[in-house]
Amino acid sequence: MSVKIRIIILIVVIVVLLVGFFANKYKQNAEHSKNVLNEKNIRWDNFINDVCFRDMTTLSEIQRKAVLCFWYDAEMNSGGYSGYMDCYPNTDAEELAEAIRTIGYEEIADNYLKAVNEGEKDEWVETDMAYYKFSPSLSDCLMEYVEKNKDVIFD
């Protein structure tokens, strides 16, 4: 076999190996990119870990409504209305209902007020079950609210 043919074969083998190597790297990078947080997810994480743990008296009205809804939603998804009231027994019902109306929608606020006023009759089963069926959820609405108000939320 001549030297020219050997060189051509060597070049072809190198090219095939390089194409395979870079194709694999591209695939790995694409998979990694799917797992990387985007800016919106980073803001949501910062909202939870920073804003939600601030002293309520230091929050703006927009921040306060968001934080009230966050903790209501978190406790509802953890222990239902009775769990929420165990953690936040001094909640101003009208203030939270107004925050839910602003961030979520009327049906969620009405369900909350029904839990406040009538829920104990059946240990909040009806209102808890209704809460879990709302679509979009209060959490979904809150994510949109935080994003829409990001300049105020992250002062």
# chains A, B, ... in the order shown; residues from 1 in each chain; ligands from 1
call {"tool": "select_by_dssp", "arguments": {"residues": "segment 12-150 of chain A", "states": "helix (DSSP H, G or I)", "output": "PyMOL selection string"}}
result
chain A and resi 12-35+39-49+51-53+56-58+61-87+93-103+106-122+125-133+138-148+150
call {"tool": "residues_around", "arguments": {"residues": "Glu123 of chain A", "least_positions_apart": "6", "cutoff": "10 Å", "atoms": "only C-alpha atoms", "output": "count of residues only"}}
result
4
call {"tool": "residues_around", "arguments": {"residues": "Lys148 of chain A", "least_positions_apart": "2", "cutoff": "12 Å", "atoms": "only C-alpha atoms", "output": "ChimeraX atom specification"}}
result
/A:40,43-44,62,66,103,141-146,150-154
call {"tool": "closest_residue", "arguments": {"among": "A:Glu39, A:Asp86, A:Asp92, A:Glu107", "to": "Leu68 of chain A", "atoms": "only C-alpha atoms"}}
result
A:Asp92
call {"tool": "atom_distance", "arguments": {"atom1": "atom CA of Asn77 of chain A", "atom2": "atom CA of Val125 of chain A"}}
result
13.2 Å
call {"tool": "closest_residue", "arguments": {"among": "A:Thr91, A:Asn117, A:Ser139, A:Asn46", "to": "Cys69 of chain A", "atoms": "only C-alpha atoms"}}
result
A:Ser139
call {"tool": "closest_residue", "arguments": {"among": "A:Phe134, A:Tyr112, A:Trp124, A:Phe53", "to": "Glu94 of chain A", "atoms": "only C-alpha atoms"}}
result
A:Tyr112
call {"tool": "residues_around", "arguments": {"residues": "Val67 of chain A", "least_positions_apart": "6", "cutoff": "9 Å", "atoms": "only C-alpha atoms", "output": "list in words"}}
result
Phe47, Ile48, Val51, Cys52, Phe53, Met56 and Leu59 of chain A
call {"tool": "residues_around", "arguments": {"residues": "Ile100 of chain A", "least_positions_apart": "4", "cutoff": "8 Å", "atoms": "only C-alpha atoms", "output": "PyMOL selection string"}}
result
chain A and resi 65+69+96+104-106+108-109+138
call {"tool": "atom_distance", "arguments": {"atom1": "atom CA of Ala74 of chain A", "atom2": "atom CA of Asn49 of chain A"}}
result
13.3 Å
